[in-house]
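Enquirer: My file is start-v3.cif. It has mmCIF, C-alpha atoms:
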data_work
#
loop_
_atom_site.label_atom_id
_atom_site.label_comp_id
_atom_site.auth_asym_id
_atom_site.auth_seq_id
_atom_site.Cartn_x
_atom_site.Cartn_y
_atom_site.Cartn_z
CA MET X 1 5.17 -21.03 60.48
CA ARG X 2 6.95 -21.84 57.22
CA LYS X 3 3.82 -23.52 55.86
CA ILE X 4 1.74 -20.43 56.62
CA VAL X 5 4.24 -18.10 54.92
CA THR X 6 4.45 -20.43 51.90
CA MET X 7 0.65 -20.58 51.70
CA LEU X 8 0.37 -16.78 51.93
CA VAL X 9 2.98 -16.37 49.18
CA LEU X 10 1.09 -18.79 46.91
CA ILE X 11 -2.20 -17.01 47.60
CA GLY X 12 -0.53 -13.66 46.93
CA ILE X 13 0.96 -14.87 43.65
CA THR X 14 -2.41 -16.28 42.56
CA VAL X 15 -4.27 -13.10 43.44
CA LEU X 16 -1.72 -10.81 41.81
CA SER X 17 -1.46 -12.87 38.63
CA SER X 18 -5.21 -12.81 38.12
CA CYS X 19 -5.60 -9.06 38.57
CA GLU X 20 -6.26 -6.77 35.68
CA GLY X 21 -4.69 -3.38 35.51
CA PRO X 22 -6.19 -0.26 34.06
CA GLN X 23 -6.92 -0.27 30.36
CA GLY X 24 -4.01 0.96 28.27
CA PRO X 25 -4.17 4.13 26.27
CA ALA X 26 -6.16 4.16 23.07
CA GLY X 27 -4.26 3.89 19.79
CA GLN X 28 -3.40 6.91 17.72
CA ASN X 29 -6.50 8.44 16.23
CA GLY X 30 -6.63 9.30 12.57
CA TYR X 31 -4.20 6.65 11.34
CA SER X 32 -4.84 3.49 9.39
CA ALA X 33 -3.44 0.34 11.02
CA GLU X 34 -4.68 -2.25 8.59
CA SER X 35 -3.91 -3.49 5.14
CA GLU X 36 -6.04 -1.67 2.62
CA VAL X 37 -6.38 -1.26 -1.11
CA PHE X 38 -7.28 2.01 -2.81
CA GLU X 39 -7.86 2.61 -6.49
CA LEU X 40 -7.34 5.57 -8.77
CA LYS X 41 -9.63 4.80 -11.67
CA ASN X 42 -9.37 6.33 -15.14
CA ILE X 43 -7.18 9.17 -13.92
CA ASN X 44 -5.06 11.48 -16.07
CA PHE X 45 -1.53 12.55 -15.26
CA GLY X 46 -1.14 16.28 -14.75
CA TYR X 47 1.98 18.12 -15.91
CA ASN X 48 4.17 20.72 -14.25
CA ASP X 49 7.70 21.98 -15.00
CA VAL X 50 9.12 20.70 -11.69
CA ASP X 51 7.79 17.11 -11.54
CA GLY X 52 6.78 16.49 -15.14
CA TYR X 53 3.78 14.18 -15.51
CA ASN X 54 2.42 13.11 -12.13
CA ILE X 55 -0.60 12.16 -10.05
CA SER X 56 -0.68 13.29 -6.43
CA GLN X 57 -3.08 12.15 -3.70
CA THR X 58 -3.28 12.40 0.08
CA PHE X 59 -4.02 9.60 2.51
CA ASN X 60 -7.12 10.10 4.61
CA PRO X 61 -6.51 8.93 7.25
CA GLN X 62 -2.73 9.17 7.25
CA ILE X 63 -0.71 5.96 7.40
CA TYR X 64 1.87 5.15 10.07
CA SER X 65 5.46 6.12 9.33
CA SER X 66 6.40 2.41 9.56
CA ASP X 67 3.87 1.41 6.87
CA ASN X 68 4.82 0.71 3.29
CA ILE X 69 2.85 0.96 0.07
CA LEU X 70 2.96 -0.85 -3.23
CA ILE X 71 1.43 0.64 -6.36
CA TYR X 72 0.19 -1.39 -9.31
CA ARG X 73 -0.85 -0.11 -12.73
CA LEU X 74 -3.65 -1.75 -14.68
CA SER X 75 -1.79 -2.80 -17.82
CA GLY X 76 -4.59 -4.75 -19.46
CA THR X 77 -7.14 -7.49 -18.91
CA ILE X 78 -7.37 -11.15 -19.76
CA ASP X 79 -11.17 -10.90 -19.83
CA SER X 80 -13.79 -8.59 -18.31
CA SER X 81 -13.23 -9.99 -14.80
CA THR X 82 -9.47 -10.64 -14.84
CA PRO X 83 -7.31 -7.49 -14.66
CA ILE X 84 -3.54 -7.56 -15.17
CA TRP X 85 -1.79 -5.53 -12.44
CA GLN X 86 1.81 -4.46 -13.02
CA LEU X 87 3.97 -3.36 -10.08
CA ILE X 88 5.65 0.01 -10.45
CA PRO X 89 8.33 1.25 -10.74
CA ARG X 90 8.23 -0.09 -14.28
CA THR X 91 9.93 0.73 -17.55
CA LEU X 92 8.00 0.19 -20.77
CA TYR X 93 9.97 -0.10 -24.00
CA LEU X 94 7.88 1.48 -26.74
CA ASN X 95 8.55 2.35 -30.39
CA GLN X 96 8.89 6.02 -29.36
CA GLY X 97 11.42 5.22 -26.60
CA GLU X 98 11.35 4.32 -22.91
CA LEU X 99 8.52 5.26 -20.58
CA ASP X 100 9.00 4.98 -16.81
CA TYR X 101 6.39 4.85 -14.06
CA ASP X 102 7.64 5.48 -10.54
CA TYR X 103 6.29 6.74 -7.21
CA ASP X 104 7.19 8.13 -3.84
CA PHE X 105 5.20 8.39 -0.63
CA SER X 106 5.10 9.72 2.89
CA ARG X 107 2.67 8.97 5.69
CA GLU X 108 0.51 11.83 4.39
CA ASP X 109 0.52 11.40 0.61
CA PHE X 110 1.90 9.71 -2.48
CA LYS X 111 2.86 10.78 -5.98
CA ILE X 112 3.02 8.67 -9.14
CA TYR X 113 5.36 9.86 -11.90
CA ALA X 114 5.47 9.15 -15.62
CA GLY X 115 8.61 10.10 -17.50
CA GLY X 116 10.45 8.98 -20.57
CA THR X 117 13.00 9.47 -23.27
CA PHE X 118 10.40 11.08 -25.55
CA ASP X 119 7.55 13.58 -25.28
CA LEU X 120 4.84 11.62 -23.45
CA ALA X 121 2.16 13.81 -24.98
CA LEU X 122 2.81 11.77 -28.14
CA ALA X 123 1.59 8.63 -26.33
CA PRO X 124 -1.55 9.79 -24.49
CA GLN X 125 -2.74 6.22 -23.93
CA TYR X 126 -0.02 5.91 -21.24
CA ILE X 127 -0.81 9.13 -19.34
CA GLN X 128 -4.59 9.40 -19.70
CA ASN X 129 -7.34 7.18 -18.31
CA GLN X 130 -4.89 5.18 -16.19
CA THR X 131 -5.96 2.96 -13.29
CA PHE X 132 -3.73 2.27 -10.27
CA ARG X 133 -4.13 0.19 -7.13
CA ILE X 134 -2.41 1.39 -3.96
CA VAL X 135 -1.82 -1.37 -1.41
CA ILE X 136 -1.02 -0.26 2.14
CA ILE X 137 1.07 -2.78 4.05
CA PRO X 138 1.22 -2.02 7.80
CA GLY X 139 4.62 -1.86 9.44
CA TYR X 140 3.89 -4.78 11.76
CA PHE X 141 4.27 -7.07 8.74
CA SER X 142 7.93 -6.02 8.43
CA GLY X 143 8.81 -8.47 11.21
CA ARG X 144 7.81 -11.32 8.92
CA SER X 145 11.03 -11.19 6.92
CA ALA X 146 11.02 -14.96 6.51
CA ARG X 147 7.88 -14.68 4.41
CA LYS X 148 8.79 -14.52 0.75
CA VAL X 149 6.16 -12.64 -1.20
CA ASP X 150 6.42 -12.03 -4.92
CA LYS X 151 5.50 -8.36 -4.85
CA ASN X 152 5.29 -8.35 -8.65
CA ASP X 153 2.22 -10.58 -8.32
CA TYR X 154 -0.69 -8.46 -7.05
CA ASN X 155 -2.76 -11.54 -6.14
CA ALA X 156 0.14 -13.08 -4.18
CA VAL X 157 0.49 -9.85 -2.16
CA ILE X 158 -3.25 -9.74 -1.46
CA LYS X 159 -3.18 -13.35 -0.29
CA ALA X 160 0.06 -13.11 1.74
CA TYR X 161 -1.11 -10.08 3.72
CA ASN X 162 -4.69 -11.35 4.05
CA ILE X 163 -6.13 -8.29 2.34
CA ASN X 164 -9.76 -8.17 1.36
CA ASP X 165 -9.78 -6.38 -1.99
CA THR X 166 -13.46 -6.95 -2.75
CA ASN X 167 -14.34 -3.48 -1.49
CA VAL X 168 -11.56 -1.39 -2.96
CA LYS X 169 -11.90 2.26 -1.98
CA ILE X 170 -11.95 4.60 -4.98
CA LEU X 171 -9.88 7.74 -4.39
CA ASN X 172 -10.77 9.97 -7.35
#
Please lay out the structure from this file as structure tokens.
Expert:
Amino acid sequence: MRKIVTMLVLIGITVLSSCEGPQGPAGQNGYSAESEVFELKNINFGYNDVDGYNISQTFNPQIYSSDNILIYRLSGTIDSSTPIWQLIPRTLYLNQGELDYDYDFSREDFKIYAGGTFDLALAPQYIQNQTFRIVIIPGYFSGRSARKVDKNDYNAVIKAYNINDTNVKILN
């Protein structure tokens, strides 16, 4: 009798472990769950009395609340195919004074700010025709705290998060 019960238990375990349950619910629609790169190309900062000089854009689709973004400013080029990306926030020390680039973001939008210790209208080359890259880093990467990524190095970030930046999406 014991052998029969043992055999039935083994058969039951085998059958139950090979069963598939119903498919789980679909993921949230309308949200981006992958690393992506967007570009604002040759964009001008707008000005208002509340925020000063800024650029504001919405995410479409929205990002998850656990996601993070990094924003890089095109600060120059080595040659026609080698851009120099500079992580912001960043302070530039100019003859006229200090100029700061900064940003904030939510899951719906982001805003890039330019401010300084002088009237930025006197240095239009820093607030007009600017190019920025916005890198979305999904929240599931946050568990990889052991991974040391030099976020100042755009190419290191792209490589570390396995991002394909050959088809950068233009936002403006």
Enquirer: Nearest residue to X:Asn172 out of X:Gln86, X:Asn54, X:Thr131, X:Asn152, using only C-alpha atoms?
Expert: X:Thr131
Enquirer: Looking at only C-alpha atoms, which of X:Tyr103, X:Tyr72, X:Tyr93, X:Trp85 is the one that sits closest to X:Ser56?
Expert: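 Between X:Tyr103, X:Tyr72, X:Tyr93, X:Trp85, the residue approaching X:Ser56 most closely is X:Tyr103.
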Enquirer: Given only C-alpha atoms as the basis, pick out the residue of X:Phe132, X:Phe105, X:Phe110, X:Tyr140 nearest to X:Leu87.
Expert: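 Under the stated criterion, the closest residue is X:Phe132.
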Enquirer: Please report the interatomic distance between atom CA of X:Glu36 and atom CA of X:Ile136 in Å with one decimal.
Expert: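 Distance between the two atoms: 5.2 Å.
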Enquirer: Find the residues near X:Gly46: any atom within 12 Å, counting only C-alpha atoms, skip ones fewer than 3 places away on the same chain, and give them as a ChimeraX atom specification.
Expert: /X:43,49-57,111-115,120-121,124,127-130
Enquirer: Include C-alpha atoms and write out the residues we just selected as a short mmCIF file (atom, residue, chain, number, x, y, z; two decimals), in the frame of the given file.
Expert:
data_model
loop_
_atom_site.label_atom_id
_atom_site.label_comp_id
_atom_site.auth_asym_id
_atom_site.auth_seq_id
_atom_site.Cartn_x
_atom_site.Cartn_y
_atom_site.Cartn_z
CA ILE X 43 -7.18 9.17 -13.92
CA ASP X 49 7.70 21.98 -15.00
CA VAL X 50 9.12 20.70 -11.69
CA ASP X 51 7.79 17.11 -11.54
CA GLY X 52 6.78 16.49 -15.14
CA TYR X 53 3.78 14.18 -15.51
CA ASN X 54 2.42 13.11 -12.13
CA ILE X 55 -0.60 12.16 -10.05
CA SER X 56 -0.68 13.29 -6.43
CA GLN X 57 -3.08 12.15 -3.70
CA LYS X 111 2.86 10.78 -5.98
CA ILE X 112 3.02 8.67 -9.14
CA TYR X 113 5.36 9.86 -11.90
CA ALA X 114 5.47 9.15 -15.62
CA GLY X 115 8.61 10.10 -17.50
CA LEU X 120 4.84 11.62 -23.45
CA ALA X 121 2.16 13.81 -24.98
CA PRO X 124 -1.55 9.79 -24.49
CA ILE X 127 -0.81 9.13 -19.34
CA GLN X 128 -4.59 9.40 -19.70
CA ASN X 129 -7.34 7.18 -18.31
CA GLN X 130 -4.89 5.18 -16.19
#
Enquirer: Report the residues retrieved by the PyMOL selection byres ((chain X and resi 35) around 12) from the displayed file, expressed as a compact mmCIF listing (two decimals) with C-alpha atoms, keeping the file's coordinate frame.
Expert:
# COMPACT_ATOMS: atom_id res chain seq x y z
CA TYR X 31 -4.20 6.65 11.34
CA SER X 32 -4.84 3.49 9.39
CA ALA X 33 -3.44 0.34 11.02
CA GLU X 34 -4.68 -2.25 8.59
CA GLU X 36 -6.04 -1.67 2.62
CA VAL X 37 -6.38 -1.26 -1.11
CA PHE X 38 -7.28 2.01 -2.81
CA ILE X 63 -0.71 5.96 7.40
CA TYR X 64 1.87 5.15 10.07
CA ASP X 67 3.87 1.41 6.87
CA ASN X 68 4.82 0.71 3.29
CA ILE X 69 2.85 0.96 0.07
CA LEU X 70 2.96 -0.85 -3.23
CA ILE X 134 -2.41 1.39 -3.96
CA VAL X 135 -1.82 -1.37 -1.41
CA ILE X 136 -1.02 -0.26 2.14
CA ILE X 137 1.07 -2.78 4.05
CA PRO X 138 1.22 -2.02 7.80
CA GLY X 139 4.62 -1.86 9.44
CA TYR X 140 3.89 -4.78 11.76
CA PHE X 141 4.27 -7.07 8.74
CA VAL X 157 0.49 -9.85 -2.16
CA ILE X 158 -3.25 -9.74 -1.46
CA LYS X 159 -3.18 -13.35 -0.29
CA ALA X 160 0.06 -13.11 1.74
CA TYR X 161 -1.11 -10.08 3.72
CA ASN X 162 -4.69 -11.35 4.05
CA ILE X 163 -6.13 -8.29 2.34
CA ASN X 164 -9.76 -8.17 1.36
CA ASP X 165 -9.78 -6.38 -1.99
CA VAL X 168 -11.56 -1.39 -2.96
Enquirer: List the spatial neighbours of X:Pro83 as a PDB file with C-alpha atoms, keeping the file's coordinate frame - criterion: any atom at most 12 Å away, all atoms listed in the file, same-chain residues fewer than 5 positions off excluded.
Expert:
ATOM      1  CA  TYR X  72       0.190  -1.390  -9.310  1.00  0.00           C
ATOM      2  CA  ARG X  73      -0.850  -0.110 -12.730  1.00  0.00           C
ATOM      3  CA  LEU X  74      -3.650  -1.750 -14.680  1.00  0.00           C
ATOM      4  CA  SER X  75      -1.790  -2.800 -17.820  1.00  0.00           C
ATOM      5  CA  GLY X  76      -4.590  -4.750 -19.460  1.00  0.00           C
ATOM      6  CA  THR X  77      -7.140  -7.490 -18.910  1.00  0.00           C
ATOM      7  CA  ILE X  78      -7.370 -11.150 -19.760  1.00  0.00           C
ATOM      8  CA  THR X 131      -5.960   2.960 -13.290  1.00  0.00           C
ATOM      9  CA  PHE X 132      -3.730   2.270 -10.270  1.00  0.00           C
ATOM     10  CA  ARG X 133      -4.130   0.190  -7.130  1.00  0.00           C
ATOM     11  CA  ASP X 153       2.220 -10.580  -8.320  1.00  0.00           C
ATOM     12  CA  TYR X 154      -0.690  -8.460  -7.050  1.00  0.00           C
ATOM     13  CA  ASN X 155      -2.760 -11.540  -6.140  1.00  0.00           C
TER      14      ASN X 155
END
Enquirer: In Å, rounded to a single decimal, give me how far atom CA of X:Asp79 is from atom CA of X:Gln96.
Expert: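 Those two atoms sit 27.9 Å apart.
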Enquirer: One number please: atom CA of X:Asp119 to atom CA of X:Lys41, in Å, one decimal.
Expert: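 These two atoms are separated by 23.6 Å.
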Enquirer: Find, counting all atoms listed in the file, the residue in X:Ile71, X:Ala156, X:Val149, X:Leu171 that gets nearest to X:Asp104.
Expert: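 Among the listed residues, the smallest separation from X:Asp104 belongs to X:Ile71.
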Enquirer: Could you check the closest approach to X:Leu99 for each of X:Leu40, X:Lys148, X:Gly116, X:Pro61 and tell me which residue wins, using all atoms listed in the file?
Expert: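 Distance minimum relative to X:Leu99 lands on X:Gly116.
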Enquirer: Measuring between only C-alpha atoms, which one of X:Ser66, X:Asn167, X:Asp109, X:Thr117 shows the shortest distance to X:Asn95?
Expert: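 The answer is X:Thr117, which sits nearest to X:Asn95.
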